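Reproduced below: entry.txt, with compact mmCIF, C-alpha atoms.
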# COMPACT_ATOMS: atom_id res chain seq x y z
CA MET A 1 34.11 150.13 -26.98
CA ASN A 2 31.78 149.88 -29.96
CA ALA A 3 32.36 151.15 -33.46
CA ASP A 4 28.95 152.81 -33.59
CA SER A 5 28.97 155.81 -35.95
CA THR A 6 27.04 158.17 -33.62
CA ASN A 7 30.04 158.12 -31.29
CA VAL A 8 32.31 159.09 -34.16
CA GLY A 9 30.03 162.05 -34.95
CA LEU A 10 30.09 163.15 -31.33
CA LEU A 11 33.88 162.88 -31.09
CA VAL A 12 34.29 164.95 -34.24
CA ARG A 13 32.01 167.62 -32.76
CA LEU A 14 33.98 167.55 -29.50
CA MET A 15 37.22 168.05 -31.43
CA GLY A 16 35.63 170.91 -33.36
CA ALA A 17 34.53 172.54 -30.10
CA ALA A 18 38.02 172.13 -28.61
CA ASN A 19 39.51 173.82 -31.68
CA GLU A 20 36.99 176.64 -31.33
CA ARG A 21 37.82 176.92 -27.62
CA GLY A 22 41.50 177.22 -28.52
CA ARG A 23 40.55 180.20 -30.68
CA VAL A 24 38.63 181.81 -27.80
CA ILE A 25 41.60 181.32 -25.43
CA ALA A 26 43.96 182.81 -28.04
CA ALA A 27 41.66 185.86 -28.30
CA ASN A 28 41.74 186.24 -24.49
CA VAL A 29 45.54 186.12 -24.39
CA ALA A 30 45.89 188.46 -27.37
CA ASN A 31 43.66 190.98 -25.55
CA GLU A 32 45.55 190.67 -22.27
CA SER A 33 46.17 194.46 -22.25
CA THR A 34 43.08 195.74 -24.04
CA PRO A 35 41.21 198.13 -21.73
CA GLY A 36 37.69 196.96 -20.90
CA TYR A 37 38.12 193.52 -22.47
CA ARG A 38 36.23 190.68 -20.76
CA ARG A 39 37.47 187.13 -21.17
CA GLN A 40 35.26 184.62 -22.98
CA VAL A 41 34.78 180.91 -22.49
CA LEU A 42 33.30 178.21 -24.73
CA ARG A 43 30.97 175.78 -23.00
CA PHE A 44 30.12 172.49 -24.66
CA GLU A 45 31.07 169.48 -22.49
CA GLU A 46 29.04 170.94 -19.57
CA HIS A 47 25.94 171.17 -21.76
CA LEU A 48 26.42 167.61 -23.05
CA ARG A 49 26.85 166.29 -19.53
CA ALA A 50 23.71 168.11 -18.33
CA ALA A 51 21.75 166.64 -21.24
CA LEU A 52 23.06 163.12 -20.56
CA ASP A 53 22.26 163.47 -16.84
CA SER A 54 18.69 164.45 -17.65
CA GLY A 55 18.39 161.32 -19.80
CA ALA A 56 18.31 163.02 -23.22
CA ARG A 57 19.04 160.70 -26.17
CA GLU A 58 19.31 163.42 -28.79
CA LEU A 59 22.63 165.27 -28.47
CA ASP A 60 22.74 166.74 -32.01
CA ALA A 61 20.74 169.80 -30.98
CA ILE A 62 23.31 170.80 -28.38
CA GLU A 63 25.67 173.46 -29.65
CA PRO A 64 28.82 174.98 -28.09
CA GLU A 65 28.00 178.23 -26.31
CA LEU A 66 30.25 181.30 -26.20
CA VAL A 67 29.93 183.00 -22.81
CA THR A 68 31.44 186.28 -21.61
CA ASP A 69 32.94 185.86 -18.16
CA THR A 70 31.61 188.70 -16.01
CA LEU A 71 32.25 186.90 -12.70
CA THR A 72 36.06 187.05 -12.67
CA PRO A 73 36.95 190.44 -11.16
CA ALA A 74 38.54 192.96 -13.52
CA GLY A 75 41.59 195.12 -12.85
CA LYS A 76 41.77 198.93 -12.97
CA ASP A 77 41.52 198.96 -16.76
CA GLY A 78 38.35 196.83 -16.77
CA ASN A 79 40.19 193.80 -18.17
CA ASN A 80 39.78 190.44 -16.43
CA VAL A 81 42.28 188.29 -18.36
CA ASN A 82 44.77 186.37 -16.22
CA LEU A 83 47.65 185.10 -18.34
CA GLU A 84 48.47 182.09 -16.13
CA LEU A 85 44.84 180.91 -16.05
CA GLU A 86 44.51 181.27 -19.83
CA LEU A 87 47.71 179.31 -20.46
CA ASN A 88 46.44 176.61 -18.12
CA ALA A 89 43.14 176.54 -20.01
CA GLY A 90 45.07 176.32 -23.28
CA ARG A 91 47.14 173.33 -22.17
CA GLN A 92 44.09 171.61 -20.71
CA ASN A 93 42.20 172.18 -23.94
CA ARG A 94 45.02 170.69 -26.02
CA LEU A 95 45.10 167.56 -23.87
CA LEU A 96 41.32 167.27 -24.17
CA TYR A 97 41.64 167.50 -27.96
CA GLU A 98 44.34 164.81 -27.98
CA THR A 99 42.16 162.59 -25.79
CA TYR A 100 39.24 162.86 -28.23
CA ALA A 101 41.61 162.15 -31.11
CA ALA A 102 42.98 159.05 -29.34
CA ILE A 103 39.46 157.69 -28.73
CA LEU A 104 38.53 158.39 -32.34
CA GLN A 105 41.65 156.57 -33.50
CA GLY A 106 40.62 153.61 -31.34
CA HIS A 107 37.28 153.51 -33.20
CA PHE A 108 39.01 153.53 -36.55
CA GLU A 109 41.37 150.75 -35.53
CA LEU A 110 38.45 148.66 -34.33
CA LEU A 111 36.73 149.17 -37.70
CA ARG A 112 39.88 148.26 -39.59
CA ALA A 113 40.35 145.12 -37.48
CA GLY A 114 36.75 144.15 -38.23
CA ILE A 115 37.21 144.65 -41.98
CA GLU A 116 40.53 142.79 -42.11
CA SER A 117 39.30 139.80 -40.07
CA GLY A 118 36.62 139.24 -42.70
CA ARG A 119 39.20 138.62 -45.43
CA MET B 1 38.34 176.02 -47.76
CA GLU B 2 36.23 177.81 -45.12
CA GLY B 3 36.70 174.94 -42.68
CA VAL B 4 40.46 174.85 -43.12
CA SER B 5 40.87 178.60 -42.67
CA ARG B 6 38.77 178.31 -39.52
CA LEU B 7 41.20 175.69 -38.25
CA PHE B 8 44.05 178.18 -38.52
CA SER B 9 42.19 181.27 -37.30
CA GLY B 10 43.38 180.60 -33.73
CA MET B 11 46.98 180.72 -34.89
CA ARG B 12 46.30 184.03 -36.59
CA ILE B 13 44.79 185.44 -33.38
CA ALA B 14 47.92 184.47 -31.45
CA ALA B 15 50.00 186.15 -34.17
CA THR B 16 48.05 189.42 -33.81
CA GLY B 17 48.84 189.29 -30.08
CA MET B 18 52.52 188.79 -30.81
CA SER B 19 52.76 191.70 -33.22
CA ALA B 20 50.86 194.02 -30.84
CA GLU B 21 53.16 193.07 -27.96
CA ARG B 22 56.18 193.65 -30.16
CA VAL B 23 55.00 197.24 -30.79
CA ARG B 24 54.85 197.63 -27.01
CA ILE B 25 58.40 196.25 -26.63
CA ASP B 26 59.65 198.65 -29.35
CA THR B 27 57.93 201.55 -27.60
CA VAL B 28 59.62 200.70 -24.28
CA ALA B 29 62.97 200.59 -26.10
CA ARG B 30 62.27 204.01 -27.66
CA ASN B 31 61.29 205.46 -24.28
CA ILE B 32 64.47 204.20 -22.61
CA ALA B 33 66.67 205.33 -25.52
CA ASN B 34 65.18 208.83 -25.29
CA SER B 35 65.06 209.07 -21.50
CA LYS B 36 67.70 211.84 -21.41
CA VAL B 37 66.61 213.80 -24.50
CA THR B 38 65.96 217.39 -23.40
CA ARG B 39 65.39 218.91 -26.84
CA THR B 40 63.04 217.63 -29.56
CA ALA B 41 61.81 218.98 -32.90
CA GLU B 42 58.40 219.76 -31.31
CA GLY B 43 60.17 221.69 -28.56
CA GLY B 44 60.72 220.66 -24.96
CA PRO B 45 61.94 217.30 -23.70
CA TYR B 46 60.95 213.91 -25.14
CA LYS B 47 57.53 212.70 -24.00
CA ARG B 48 57.06 209.10 -22.92
CA GLN B 49 54.97 207.13 -25.40
CA VAL B 50 52.26 204.64 -24.55
CA VAL B 51 50.62 201.98 -26.72
CA GLU B 52 46.84 201.63 -26.79
CA PHE B 53 45.33 198.29 -27.78
CA GLU B 54 41.93 197.53 -29.23
CA PRO B 55 40.24 194.24 -30.14
CA ILE B 56 39.77 193.17 -33.77
CA LEU B 57 36.11 192.30 -34.27
CA GLN B 58 35.01 190.12 -37.14
CA ARG B 59 31.42 189.86 -38.28
CA GLN B 60 30.28 186.31 -38.89
CA ALA B 61 27.89 185.12 -41.58
CA ASP B 62 25.12 184.94 -38.94
CA GLY B 63 25.65 188.59 -37.95
CA ARG B 64 27.45 187.87 -34.67
CA GLU B 65 30.71 189.66 -34.00
CA ILE B 66 33.55 187.54 -32.74
CA ASN B 67 36.90 188.58 -31.39
CA ALA B 68 39.63 187.89 -33.92
CA GLY B 69 42.62 189.19 -31.99
CA VAL B 70 44.12 192.52 -31.06
CA ARG B 71 45.75 195.47 -32.77
CA VAL B 72 47.45 198.72 -31.81
CA ARG B 73 44.93 201.57 -31.99
CA ALA B 74 47.44 204.33 -31.35
CA ILE B 75 50.80 205.19 -29.91
CA SER B 76 50.21 208.39 -27.96
CA ASN B 77 52.19 210.71 -25.73
CA ASP B 78 51.93 210.27 -21.99
CA GLU B 79 50.51 213.67 -20.93
CA PHE B 80 49.94 212.69 -17.30
CA SER B 81 53.30 211.65 -15.83
CA SER B 82 55.36 214.54 -14.54
CA PHE B 83 58.72 215.57 -15.96
CA GLU B 84 61.91 215.42 -13.96
CA ARG B 85 63.52 218.78 -13.13
CA ILE B 86 67.23 218.90 -12.32
CA HIS B 87 69.20 221.97 -11.35
CA ASP B 88 72.12 222.18 -13.79
CA PRO B 89 72.87 225.81 -14.82
CA GLY B 90 75.66 224.73 -17.18
CA HIS B 91 73.29 222.66 -19.37
CA PRO B 92 72.50 224.24 -22.79
CA ASP B 93 68.76 223.54 -22.28
CA ALA B 94 68.61 225.01 -18.77
CA ASP B 95 65.90 227.65 -18.23
CA ALA B 96 66.52 231.11 -16.75
CA GLY B 97 66.63 229.67 -13.23
CA GLY B 98 69.16 226.97 -14.21
CA TRP B 99 66.65 224.12 -14.23
CA VAL B 100 66.67 221.42 -16.92
CA THR B 101 63.47 219.48 -17.71
CA TYR B 102 64.10 215.82 -18.45
CA PRO B 103 61.61 213.40 -20.10
CA ASN B 104 58.78 211.84 -18.06
CA VAL B 105 60.36 208.40 -18.54
CA ASN B 106 60.84 206.29 -15.44
CA ALA B 107 63.29 203.42 -16.01
CA THR B 108 61.67 201.16 -13.38
CA ARG B 109 58.21 201.55 -14.90
CA GLU B 110 59.60 200.92 -18.38
CA MET B 111 61.31 197.72 -17.22
CA ALA B 112 58.09 196.52 -15.56
CA ASP B 113 56.25 197.25 -18.82
CA LEU B 114 58.90 195.40 -20.80
CA ILE B 115 58.60 192.28 -18.63
CA THR B 116 54.80 192.31 -18.96
CA ALA B 117 55.03 192.66 -22.74
CA VAL B 118 57.63 189.88 -23.10
CA ARG B 119 55.57 187.53 -20.94
CA ALA B 120 52.46 188.23 -22.99
CA TYR B 121 54.47 187.68 -26.20
CA GLU B 122 55.64 184.30 -24.90
CA ALA B 123 52.11 183.33 -23.89
CA ASN B 124 50.98 183.93 -27.47
CA ILE B 125 53.84 181.75 -28.75
CA GLU B 126 52.82 178.94 -26.41
CA LEU B 127 49.22 179.05 -27.65
CA GLN B 128 50.43 178.97 -31.23
CA GLU B 129 52.47 175.86 -30.43
CA ASN B 130 49.32 174.33 -28.92
CA PHE B 131 47.53 174.80 -32.24
CA VAL B 132 50.41 173.24 -34.16
CA ARG B 133 50.35 170.17 -31.92
CA MET B 134 46.56 169.87 -32.18
CA ALA B 135 46.71 170.07 -35.97
CA ASP B 136 49.51 167.53 -35.94
CA ARG B 137 47.40 165.17 -33.83
CA ALA B 138 44.48 165.51 -36.24
CA LEU B 139 46.80 164.73 -39.18
CA ARG B 140 48.00 161.54 -37.52
CA LEU B 141 44.39 160.29 -37.46
CA ALA B 142 44.62 159.98 -41.21
CA GLN B 143 47.70 157.76 -41.13

Show the structure stored in the file as structure tokens.
Amino acid sequence: MNADSTNVGLLVRLMGAANERGRVIAANVANESTPGYRRQVLRFEEHLRAALDSGARELDAIEPELVTDTLTPAGKDGNNVNLELELNAGRQNRLLYETYAAILQGHFELLRAGIESGR
Amino acid sequence: MEGVSRLFSGMRIAATGMSAERVRIDTVARNIANSKVTRTAEGGPYKRQVVEFEPILQRQADGREINAGVRVRAISNDEFSSFERIHDPGHPDADAGGWVTYPNVNATREMADLITAVRAYEANIELQENFVRMADRALRLAQ
């Protein structure tokens, strides 16, 4: 692990995207019975991974993308929200957020150790 | 404060879901309570009520509209389900042939509706708890 500040910036953006994704999941669950509602998803990690795979060095230009899910089949009322899947996505998203926070905390502790060892 | 209010907007969305589902639960309770009412102020038996939901859309600074939760658009009468007719000539609301028209409330359907609404209510609570734990985790970074 290195205490490089670009990693900190990326982690903060990942946490921001996870918070935003939590909002999108909450909107899906709230609209569980709204006729014609289509669930939405927030894509960010996929885009980052694709950029890293293609060898891109500049990740700042990559923004989270809000996508309407038209692939999941809808019920009679035109609504395609599945409560169990959304709750699963919500729990997964929370764990992802906590993972980013734990890594970020590791960075801070490394920095603190570096500062204190110099005294 | 824009950033902070954004942090809590997810909790607000879950709260809109909870209050909309509670209206649905209240409506089921009203339907069941009135399931034997054969005479109303409007005339005729009680009519089953149904809740209609609609999304809350919020325009962002960049002109995009984002979903900010759900609200009840209307509580309307169910004009499609058929009424129950029971032959009971002694009933004060019986018609000339001795038939009484009972509300179009079906207890099984109401119970199914109630379970769906309660489950959705609980799902919103769980998401709200998720947000609390995420915010709590972020706070501990500062310690």

> Around (46.3, 196.5, -21.7) in the file's frame, which residues reach within 8 Å when counting all atoms listed in the file? Return as a VMD selection string?
Replying inline: (chain A and resid 31 to 35 77 79) or (chain B and resid 52 to 53)

> For Arg21 in chain A, which residue among B:Gly97, B:Pro89, B:Gly10, B:Pro45 is the nearest when counting all atoms listed in the file?
Replying inline: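 That would be B:Gly10, the residue with the smallest distance to Arg21 in chain A.
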
>> Near chain B, meaning an atom within 9 Å, which residues of chain A appear when counting all atoms listed in the file? Write them as number ranges by chain.
In response: A: 16, 19-20, 22-35, 37, 83-84, 86-87, 90-91, 93-95, 97-98, 101-102, 104-105, 108

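Pairwise distance (CA of Val132 in chain B, CA of Asn88 in chain A) equals 16.9 Å.
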
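Note that CA of Leu42 in chain A and CA of Leu66 in chain A are 4.6 Å apart.
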
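Take CA of Asp62 in chain B and CA of Ala50 in chain A: the distance between them is 26.6 Å.
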
> With distances taken over all atoms listed in the file, which of A:Arg49, A:His107, A:Arg119, A:Lys76 is nearest to Gly36 in chain A?
Replying inline: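 Ranked by minimum distance to Gly36 in chain A, first place goes to A:Lys76.
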
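For Ile62 in chain A, the list of residues within 9 Å, based on only C-alpha atoms and with local chain neighbours fewer than 5 positions off taken out, reads Phe44, His47, Leu48 and Ala51 of chain A.
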